[in-house]
$ cat coords.csv   # CSV, C-alpha atoms
chain,number,residue,atom,x,y,z
A,169,MET,CA,-5.0,-7.9,-25.7
A,170,ASN,CA,-1.7,-8.9,-27.2
A,171,GLU,CA,1.7,-7.3,-26.5
A,172,SER,CA,1.7,-5.0,-29.5
A,173,GLU,CA,-1.8,-3.8,-28.8
A,174,ALA,CA,-1.0,-3.2,-25.2
A,175,LEU,CA,2.1,-1.2,-26.1
A,176,ALA,CA,0.1,0.9,-28.6
A,177,SER,CA,-2.5,1.6,-26.0
A,178,ALA,CA,0.1,2.6,-23.5
A,179,LEU,CA,1.6,5.0,-26.0
A,180,SER,CA,-1.8,6.4,-26.8
A,181,THR,CA,-2.5,7.1,-23.1
A,182,GLU,CA,0.9,8.7,-22.7
A,183,HIS,CA,0.2,11.1,-25.6
A,184,GLN,CA,-3.1,12.0,-23.9
A,185,ALA,CA,-1.4,12.5,-20.5
A,186,ILE,CA,1.2,14.9,-22.0
A,187,TYR,CA,-1.6,16.9,-23.7
A,188,ALA,CA,-3.7,17.0,-20.5
A,189,TYR,CA,-0.8,18.2,-18.3
A,190,GLY,CA,-0.1,20.9,-20.8
A,191,VAL,CA,-3.7,22.1,-20.4
A,192,LEU,CA,-4.3,21.6,-16.7
A,193,GLY,CA,-1.0,23.1,-15.5
A,194,ALA,CA,-2.2,26.6,-16.2
A,195,ARG,CA,-5.1,26.2,-13.8
A,196,LEU,CA,-3.0,25.2,-10.8
A,197,ASP,CA,-1.3,27.1,-8.0
A,198,ASP,CA,2.5,27.2,-7.9
A,199,ARG,CA,3.0,24.1,-5.8
A,200,SER,CA,0.7,22.0,-7.8
A,201,ARG,CA,2.0,23.4,-11.1
A,202,SER,CA,5.5,22.2,-10.3
A,203,LEU,CA,4.1,18.7,-9.7
A,204,ALA,CA,2.3,19.0,-13.0
A,205,LEU,CA,5.5,20.0,-14.8
A,206,ALA,CA,7.3,17.0,-13.3
A,207,ALA,CA,4.5,14.8,-14.4
A,208,PHE,CA,4.6,16.3,-17.9
A,209,ASP,CA,8.3,15.5,-18.1
A,210,ALA,CA,7.9,12.0,-16.7
A,211,HIS,CA,5.2,11.2,-19.3
A,212,ARG,CA,7.3,12.5,-22.1
A,213,THR,CA,10.1,10.2,-21.0
A,214,ARG,CA,7.8,7.3,-20.8
A,215,ARG,CA,6.4,8.0,-24.2
A,216,ASP,CA,9.8,8.1,-25.7
A,217,ALA,CA,10.7,4.8,-24.0
A,218,VAL,CA,7.6,3.2,-25.6
A,219,LEU,CA,8.4,4.7,-29.0
A,220,ALA,CA,11.8,3.2,-28.8
A,221,VAL,CA,10.5,-0.2,-28.1
A,222,LEU,CA,7.9,0.0,-30.9
A,223,ARG,CA,10.6,1.2,-33.4
A,224,THR,CA,13.0,-1.5,-32.4
A,225,ARG,CA,10.2,-4.0,-33.1
A,226,ARG,CA,9.2,-2.3,-36.3
A,227,LEU,CA,5.7,-1.8,-35.0
A,228,PRO,CA,3.5,1.2,-35.9
A,229,THR,CA,4.1,4.3,-33.7
A,230,PRO,CA,0.8,6.2,-33.7
A,231,GLY,CA,1.1,9.9,-32.9
A,232,PRO,CA,-1.1,12.0,-30.7
A,233,ALA,CA,-4.6,13.0,-31.6
A,234,ALA,CA,-5.0,16.6,-32.8
A,235,SER,CA,-6.8,17.4,-29.5
A,236,TYR,CA,-8.4,15.7,-26.5
A,237,ASP,CA,-11.5,16.5,-24.5
A,238,VAL,CA,-9.8,18.0,-21.5
A,239,THR,CA,-11.9,21.0,-20.6
A,240,VAL,CA,-10.6,22.5,-17.4
A,241,ALA,CA,-12.4,25.5,-15.9
A,242,SER,CA,-11.1,25.6,-12.4
A,243,PRO,CA,-8.3,24.3,-10.1
A,244,SER,CA,-10.5,21.6,-8.7
A,245,GLN,CA,-11.3,20.4,-12.2
A,246,ALA,CA,-7.6,20.4,-13.1
A,247,LEU,CA,-6.8,18.3,-10.1
A,248,ALA,CA,-9.6,15.9,-10.9
A,249,LEU,CA,-8.4,15.6,-14.4
A,250,ALA,CA,-4.9,14.9,-13.2
A,251,VAL,CA,-6.2,12.0,-11.1
A,252,ARG,CA,-8.2,10.6,-14.0
A,253,VAL,CA,-5.2,10.8,-16.3
A,254,GLU,CA,-2.9,8.9,-14.0
A,255,VAL,CA,-5.6,6.3,-13.3
A,256,GLU,CA,-6.0,5.7,-17.0
A,257,VAL,CA,-2.3,5.6,-17.6
A,258,GLY,CA,-2.0,3.0,-14.8
A,259,VAL,CA,-4.7,0.8,-16.4
A,260,ARG,CA,-2.8,0.8,-19.7
A,261,TRP,CA,0.5,-0.1,-18.2
A,262,ARG,CA,-1.0,-2.9,-16.1
A,263,ASP,CA,-2.3,-4.2,-19.4
A,264,VAL,CA,1.2,-4.3,-20.7
A,265,VAL,CA,2.4,-6.2,-17.7
A,266,ALA,CA,-0.4,-8.8,-18.3
A,267,ALA,CA,0.4,-9.0,-22.0
A,268,THR,CA,4.1,-9.8,-22.0
A,269,ASP,CA,6.6,-12.3,-20.7
A,270,ASP,CA,9.5,-10.1,-21.8
A,271,PRO,CA,11.5,-9.0,-18.8
A,272,THR,CA,12.5,-5.8,-20.6
A,273,LEU,CA,8.9,-4.8,-21.1
A,274,ARG,CA,8.0,-5.8,-17.5
A,275,ALA,CA,10.9,-3.5,-16.3
A,276,LEU,CA,9.3,-0.7,-18.3
A,277,SER,CA,5.7,-1.3,-17.4
A,278,VAL,CA,5.9,-2.1,-13.7
A,279,PRO,CA,7.7,1.2,-12.7
A,280,ALA,CA,5.3,3.1,-15.1
A,281,LEU,CA,2.3,1.6,-13.1
A,282,GLN,CA,4.0,2.5,-9.8
A,283,ASP,CA,4.7,6.1,-10.9
A,284,SER,CA,1.2,6.6,-12.0
A,285,ALA,CA,-0.1,5.3,-8.7
A,286,VAL,CA,2.2,7.7,-6.8
A,287,ARG,CA,1.1,10.7,-8.8
A,288,ALA,CA,-2.6,9.8,-8.6
A,289,ALA,CA,-2.1,9.7,-4.8
A,290,GLN,CA,-0.3,13.1,-4.8
A,291,TRP,CA,-3.1,14.6,-6.9
A,292,ARG,CA,-5.9,13.2,-4.6
A,293,LYS,CA,-4.0,14.6,-1.7
A,294,ALA,CA,-3.8,18.0,-3.4
A,295,ALA,CA,-7.5,17.8,-4.2
A,296,GLY,CA,-8.4,16.9,-0.6
A,297,THR,CA,-10.1,13.7,-1.7
A,298,THR,CA,-10.0,10.5,0.4
A,299,PRO,CA,-8.9,7.9,0.4
A,300,ILE,CA,-5.7,9.1,-1.1
A,301,THR,CA,-4.6,5.6,-2.3
A,302,VAL,CA,-6.4,2.7,-3.9
A,303,PRO,CA,-5.6,-1.0,-3.1
A,304,LEU,CA,-5.1,-2.1,-6.6
A,305,PRO,CA,-3.8,0.6,-9.0
A,306,GLY,CA,-4.3,-0.3,-12.6
A,307,VAL,CA,-7.4,-2.3,-12.1
A,308,GLY,CA,-10.0,-0.4,-14.0
B,137,MET,CA,-0.9,-19.7,-20.2
B,138,LEU,CA,-0.1,-20.9,-16.8
B,139,LEU,CA,-2.2,-24.0,-17.2
B,140,THR,CA,-0.5,-24.8,-20.4
B,141,ARG,CA,2.9,-24.4,-18.9
B,142,ARG,CA,1.9,-26.4,-15.8
B,143,ASN,CA,0.4,-29.2,-18.0
B,144,VAL,CA,3.6,-29.3,-20.0
B,145,LEU,CA,5.7,-29.5,-16.8
B,146,ALA,CA,3.5,-32.1,-15.4
B,147,ALA,CA,3.6,-34.2,-18.5
B,148,ALA,CA,7.3,-33.9,-18.7
B,149,GLY,CA,7.6,-34.9,-15.0
B,150,LEU,CA,5.4,-37.9,-15.4
B,151,GLY,CA,7.2,-39.0,-18.6
B,152,LEU,CA,10.5,-38.7,-16.7
B,153,ALA,CA,9.2,-40.6,-13.7
B,154,ALA,CA,7.8,-43.4,-16.0
B,155,ALA,CA,11.1,-43.7,-17.8
B,156,CYS,CA,13.0,-44.0,-14.5
B,157,THR,CA,10.8,-46.5,-12.9
B,158,SER,CA,9.9,-48.7,-15.9
B,159,GLY,CA,7.9,-51.7,-14.7
B,160,SER,CA,7.2,-50.4,-11.2
B,161,HIS,CA,4.7,-47.8,-9.9
B,162,PRO,CA,5.9,-44.3,-10.9
B,163,ALA,CA,6.7,-42.1,-7.9
B,164,PRO,CA,4.7,-38.9,-7.7
B,165,THR,CA,6.9,-36.1,-9.1
B,166,PRO,CA,6.5,-32.7,-7.5
B,167,VAL,CA,5.7,-30.0,-10.0
B,168,VAL,CA,7.4,-26.7,-9.1
B,169,ASP,CA,5.7,-23.6,-10.4
B,170,PRO,CA,8.1,-20.6,-10.3
B,171,ASP,CA,5.2,-18.5,-9.3
B,172,ASP,CA,4.9,-20.4,-6.0
B,173,ALA,CA,7.9,-18.8,-4.4
B,174,LEU,CA,7.0,-15.4,-5.7
B,175,HIS,CA,3.5,-15.8,-4.3
B,176,VAL,CA,4.7,-16.9,-0.9
B,177,ALA,CA,7.2,-14.0,-0.7
B,178,ALA,CA,4.4,-11.6,-1.6
B,179,LEU,CA,2.2,-13.0,1.1
B,180,ALA,CA,5.0,-12.7,3.6
B,181,ARG,CA,5.6,-9.0,2.7
B,182,GLU,CA,1.9,-8.2,3.2
B,183,ALA,CA,1.7,-10.1,6.5
B,184,ALA,CA,4.8,-8.2,7.7
B,185,LEU,CA,3.3,-4.9,6.7
B,186,LEU,CA,0.0,-5.7,8.5
B,187,THR,CA,1.9,-6.6,11.6
B,188,ALA,CA,4.0,-3.4,11.4
B,189,TYR,CA,0.8,-1.2,11.1
B,190,ASP,CA,-0.8,-3.0,14.0
B,191,GLU,CA,2.3,-2.4,16.1
B,192,VAL,CA,2.3,1.3,15.3
B,193,LEU,CA,-1.5,1.6,15.8
B,194,THR,CA,-1.2,-0.1,19.2
B,195,ALA,CA,1.7,2.2,20.3
B,196,ALA,CA,0.4,5.4,18.7
B,197,PRO,CA,-3.4,5.4,18.4
B,198,SER,CA,-3.4,9.0,17.4
B,199,LEU,CA,-2.2,7.9,14.0
B,200,ALA,CA,-5.3,5.8,13.4
B,201,ALA,CA,-7.2,8.1,11.1
B,202,ARG,CA,-4.1,8.4,8.9
B,203,LEU,CA,-3.0,4.8,8.9
B,204,MET,CA,-6.2,2.8,8.9
B,205,PRO,CA,-7.0,3.4,5.2
B,206,LEU,CA,-3.5,2.2,4.3
B,207,ARG,CA,-3.8,-0.8,6.5
B,208,ALA,CA,-7.1,-1.6,4.8
B,209,ASP,CA,-5.2,-1.7,1.5
B,210,HIS,CA,-2.9,-4.3,2.8
B,211,ALA,CA,-5.7,-6.4,4.1
B,212,GLU,CA,-7.2,-6.3,0.6
B,213,HIS,CA,-3.8,-7.3,-0.8
B,214,LEU,CA,-3.6,-10.3,1.4
B,215,THR,CA,-7.1,-11.4,0.2
B,216,ALA,CA,-6.3,-10.8,-3.4
B,217,LEU,CA,-3.2,-12.9,-3.1
B,218,GLN,CA,-5.1,-15.7,-1.5
B,219,VAL,CA,-7.8,-15.5,-4.1
B,220,ALA,CA,-5.3,-15.4,-6.9
B,221,ARG,CA,-3.6,-18.6,-5.9
B,222,PRO,CA,-5.7,-20.9,-3.6
B,223,THR,CA,-3.4,-23.7,-4.5
B,224,PRO,CA,-1.4,-25.4,-1.7
B,225,SER,CA,1.1,-23.0,-0.2
B,226,PRO,CA,3.6,-23.6,2.6
B,227,VAL,CA,2.3,-20.6,4.4
B,228,GLU,CA,-1.1,-21.0,6.0
B,229,PRO,CA,-3.4,-17.9,5.8
B,230,SER,CA,-4.3,-18.2,9.5
B,231,ARG,CA,-0.6,-18.1,10.3
B,232,ILE,CA,0.0,-15.2,8.0
B,233,THR,CA,-2.6,-12.9,9.5
B,234,GLY,CA,-1.8,-13.8,13.0
B,235,ALA,CA,2.0,-13.9,13.0
B,236,PRO,CA,4.1,-12.5,14.4
B,237,THR,CA,2.0,-11.4,17.4
B,238,PRO,CA,2.5,-7.6,18.1
B,239,GLN,CA,4.6,-7.3,21.2
B,240,PRO,CA,4.1,-4.5,23.8
B,241,ARG,CA,7.1,-2.3,23.2
B,242,THR,CA,8.7,0.6,24.9
B,243,ASP,CA,10.9,1.6,21.9
B,244,ASP,CA,10.5,4.3,19.4
B,245,ARG,CA,7.3,3.0,17.9
B,246,THR,CA,5.5,5.3,20.4
B,247,ASP,CA,7.0,8.3,18.7
B,248,PRO,CA,4.6,9.0,15.8
B,249,ALA,CA,7.2,10.6,13.5
B,250,THR,CA,9.6,7.7,14.0
B,251,ALA,CA,6.9,5.2,13.5
B,252,VAL,CA,5.8,6.8,10.3
B,253,ARG,CA,9.4,6.8,9.0
B,254,ARG,CA,9.6,3.1,9.7
B,255,LEU,CA,6.4,2.4,7.8
B,256,ILE,CA,7.7,4.5,4.9
B,257,SER,CA,10.8,2.4,4.8
B,258,LEU,CA,8.9,-0.9,5.0
B,259,GLU,CA,6.4,0.2,2.3
B,260,SER,CA,9.3,1.2,0.0
B,261,ALA,CA,11.1,-2.1,0.5
B,262,SER,CA,7.9,-4.1,0.0
B,263,ALA,CA,7.1,-2.1,-3.2
B,264,ALA,CA,10.6,-3.0,-4.5
B,265,GLY,CA,10.1,-6.7,-3.7
B,266,HIS,CA,6.7,-6.8,-5.4
B,267,ALA,CA,8.1,-5.0,-8.4
B,268,SER,CA,10.9,-7.6,-8.7
B,269,GLY,CA,8.3,-10.3,-8.4
B,270,ALA,CA,6.1,-8.7,-11.1
B,271,VAL,CA,9.1,-8.7,-13.5
B,272,ALA,CA,9.7,-12.4,-12.9
B,273,ALA,CA,6.2,-13.8,-12.5
B,274,SER,CA,4.0,-15.5,-15.1
B,275,ARG,CA,1.3,-13.4,-16.8
B,276,ARG,CA,-1.2,-14.8,-14.3
B,277,LEU,CA,0.5,-13.4,-11.2
B,278,ALA,CA,2.5,-10.5,-12.5
B,279,PRO,CA,-0.3,-8.0,-12.9
B,280,LEU,CA,-1.4,-8.5,-9.3
B,281,LEU,CA,2.1,-8.1,-8.0
B,282,ALA,CA,2.5,-5.0,-10.2
B,283,SER,CA,-0.6,-3.5,-8.6
B,284,LEU,CA,0.7,-4.3,-5.1
B,285,ALA,CA,4.0,-2.7,-6.0
B,286,ALA,CA,2.2,0.4,-7.2
B,287,CYS,CA,0.0,0.7,-4.2
B,288,GLU,CA,2.9,0.4,-1.8
B,289,ALA,CA,4.9,3.0,-3.7
B,290,SER,CA,1.9,5.3,-3.4
B,291,HIS,CA,1.7,4.5,0.4
B,292,ALA,CA,5.3,5.5,0.8
B,293,ALA,CA,4.5,8.8,-0.9
B,294,ALA,CA,1.2,9.3,1.0
B,295,LEU,CA,2.8,8.8,4.4

$ encode --input "coords.csv" --output "structure tokens"
Amino acid sequence: MNESEALASALSTEHQAIYAYGVLGARLDDRSRSLALAAFDAHRTRRDAVLAVLRTRRLPTPGPAASYDVTVASPSQALALAVRVEVEVGVRWRDVVAATDDPTLRALSVPALQDSAVRAAQWRKAAGTTPITVPLPGVG
Amino acid sequence: MLLTRRNVLAAAGLGLAAACTSGSHPAPTPVVDPDDALHVAALAREAALLTAYDEVLTAAPSLAARLMPLRADHAEHLTALQVARPTPSPVEPSRITGAPTPQPRTDDRTDPATAVRRLISLESASAAGHASGAVAASRRLAPLLASLAACEASHAAAL
């Protein structure tokens, strides 16, 4: 995967994360919902950062899909989806790390991977699943 | 990518050596890979964390259920780093895993809350170190360092 493909893939997964958090937040209790809102904002910020990079490089900036398959019927399903979203985001950002030598892109992608791992751990904790952490976030 | 760069560096080094010693046997020129120092620093961070966990577990065994999964992550990090770069390193694995030997202590490590705060601080510092390494490293080492940085950030949050 080259740098442009990795960035496009990261953008795509950020679009999906924003959509997913919009859906799953409604299924959560107050405490988890505030976490979901914070995650929603964080993914919007990250999406905008990728868009800025792609525009600067005059690369395509694909928009979100019309909808995503994010059926959520219960709080436990919402928490499980949140974990899956963050795991997937982490994989895509690790791909960016592996696809670039540009320190600017590394400085964007490494914290993105870290944040997704932190949120995945928070969601696992909220869901009561163990272990809460994984040794190598971003390794699919 | 790394092999290419390494080959280029090696070729340049040999060419330079040959030019400087025309007629005599060229002296072996050490080839320095920038990843080497980053790799050694990452190994040292993981070794220090393992030691810190062992100290806390010895002093406060009641924390075992909470800490052992996190310690296991660090053991896996050490293995992953060793597998990633089995090339000669100034730090021997046997010395990493064994050193420094946990000392019996009478300080605040016996207080679980204080011990956990200390681990959070160490995890955060290590995450920052790995993250800096992941920005600077080659494409071959950077993804691993990024994953270590991510894991340790999640540890700091989980603790």

$ interface_residues --input "coords.csv" --of "chain A" --to "chain B" --cutoff "9 Å" --atoms "all atoms listed in the file" --output "mmCIF file with C-alpha atoms, in the coordinates of the input"
data_model
loop_
_atom_site.group_PDB
_atom_site.id
_atom_site.type_symbol
_atom_site.label_atom_id
_atom_site.label_comp_id
_atom_site.auth_asym_id
_atom_site.auth_seq_id
_atom_site.Cartn_x
_atom_site.Cartn_y
_atom_site.Cartn_z
ATOM 1 C CA ARG A 262 -1.000 -2.900 -16.100
ATOM 2 C CA ASP A 263 -2.300 -4.200 -19.400
ATOM 3 C CA VAL A 264 1.200 -4.300 -20.700
ATOM 4 C CA VAL A 265 2.400 -6.200 -17.700
ATOM 5 C CA ALA A 266 -0.400 -8.800 -18.300
ATOM 6 C CA ALA A 267 0.400 -9.000 -22.000
ATOM 7 C CA THR A 268 4.100 -9.800 -22.000
ATOM 8 C CA ASP A 269 6.600 -12.300 -20.700
ATOM 9 C CA ASP A 270 9.500 -10.100 -21.800
ATOM 10 C CA PRO A 271 11.500 -9.000 -18.800
ATOM 11 C CA THR A 272 12.500 -5.800 -20.600
ATOM 12 C CA LEU A 273 8.900 -4.800 -21.100
ATOM 13 C CA ARG A 274 8.000 -5.800 -17.500
ATOM 14 C CA ALA A 275 10.900 -3.500 -16.300
ATOM 15 C CA SER A 277 5.700 -1.300 -17.400
ATOM 16 C CA VAL A 278 5.900 -2.100 -13.700
ATOM 17 C CA PRO A 279 7.700 1.200 -12.700
ATOM 18 C CA ALA A 280 5.300 3.100 -15.100
ATOM 19 C CA LEU A 281 2.300 1.600 -13.100
ATOM 20 C CA GLN A 282 4.000 2.500 -9.800
ATOM 21 C CA ASP A 283 4.700 6.100 -10.900
ATOM 22 C CA SER A 284 1.200 6.600 -12.000
ATOM 23 C CA ALA A 285 -0.100 5.300 -8.700
ATOM 24 C CA VAL A 286 2.200 7.700 -6.800
ATOM 25 C CA ARG A 287 1.100 10.700 -8.800
ATOM 26 C CA ALA A 288 -2.600 9.800 -8.600
ATOM 27 C CA ALA A 289 -2.100 9.700 -4.800
ATOM 28 C CA GLN A 290 -0.300 13.100 -4.800
ATOM 29 C CA LYS A 293 -4.000 14.600 -1.700
ATOM 30 C CA PRO A 299 -8.900 7.900 0.400
ATOM 31 C CA ILE A 300 -5.700 9.100 -1.100
ATOM 32 C CA THR A 301 -4.600 5.600 -2.300
ATOM 33 C CA VAL A 302 -6.400 2.700 -3.900
ATOM 34 C CA PRO A 303 -5.600 -1.000 -3.100
ATOM 35 C CA LEU A 304 -5.100 -2.100 -6.600
ATOM 36 C CA PRO A 305 -3.800 0.600 -9.000
ATOM 37 C CA GLY A 306 -4.300 -0.300 -12.600
ATOM 38 C CA VAL A 307 -7.400 -2.300 -12.100
#

$ atom_distance --input "coords.csv" --atom1 "atom CA of Ile256 of chain B" --atom2 "atom CA of Arg221 of chain B"
27.9 Å

$ atom_distance --input "coords.csv" --atom1 "atom CA of Ser180 of chain A" --atom2 "atom CA of Pro232 of chain A"
6.9 Å

$ atom_distance --input "coords.csv" --atom1 "atom CA of Thr213 of chain A" --atom2 "atom CA of Arg252 of chain A"
19.6 Å

$ build_atoms --input "coords.csv" --residues "segment 226-237 of chain A" --atoms "N, CA and C atoms" --output "compact mmCIF listing (two decimals), in the frame of the given file"
# COMPACT_ATOMS: atom_id res chain seq x y z
N ARG A 226 9.83 -2.67 -35.03
CA ARG A 226 9.20 -2.30 -36.30
C ARG A 226 7.72 -2.36 -36.29
N LEU A 227 7.18 -1.85 -35.20
CA LEU A 227 5.70 -1.80 -35.00
C LEU A 227 5.28 -0.34 -35.29
N PRO A 228 4.01 -0.15 -35.62
CA PRO A 228 3.50 1.20 -35.90
C PRO A 228 3.69 2.09 -34.61
N THR A 229 3.93 3.39 -34.84
CA THR A 229 4.10 4.30 -33.70
C THR A 229 3.09 5.45 -33.88
N PRO A 230 1.84 5.19 -33.52
CA PRO A 230 0.80 6.20 -33.70
C PRO A 230 1.14 7.49 -32.94
N GLY A 231 0.87 8.62 -33.58
CA GLY A 231 1.10 9.90 -32.90
C GLY A 231 -0.07 10.34 -32.11
N PRO A 232 0.04 11.51 -31.48
CA PRO A 232 -1.10 12.00 -30.70
C PRO A 232 -2.25 12.44 -31.52
N ALA A 233 -3.42 12.47 -30.92
CA ALA A 233 -4.60 13.00 -31.60
C ALA A 233 -4.39 14.55 -31.71
N ALA A 234 -5.16 15.18 -32.61
CA ALA A 234 -5.00 16.60 -32.80
C ALA A 234 -5.42 17.35 -31.49
N SER A 235 -6.41 16.80 -30.80
CA SER A 235 -6.80 17.40 -29.50
C SER A 235 -7.53 16.31 -28.71
N TYR A 236 -7.66 16.59 -27.41
CA TYR A 236 -8.40 15.70 -26.50
C TYR A 236 -9.40 16.48 -25.74
N ASP A 237 -10.40 15.80 -25.27
CA ASP A 237 -11.50 16.50 -24.50
C ASP A 237 -11.00 16.65 -23.08
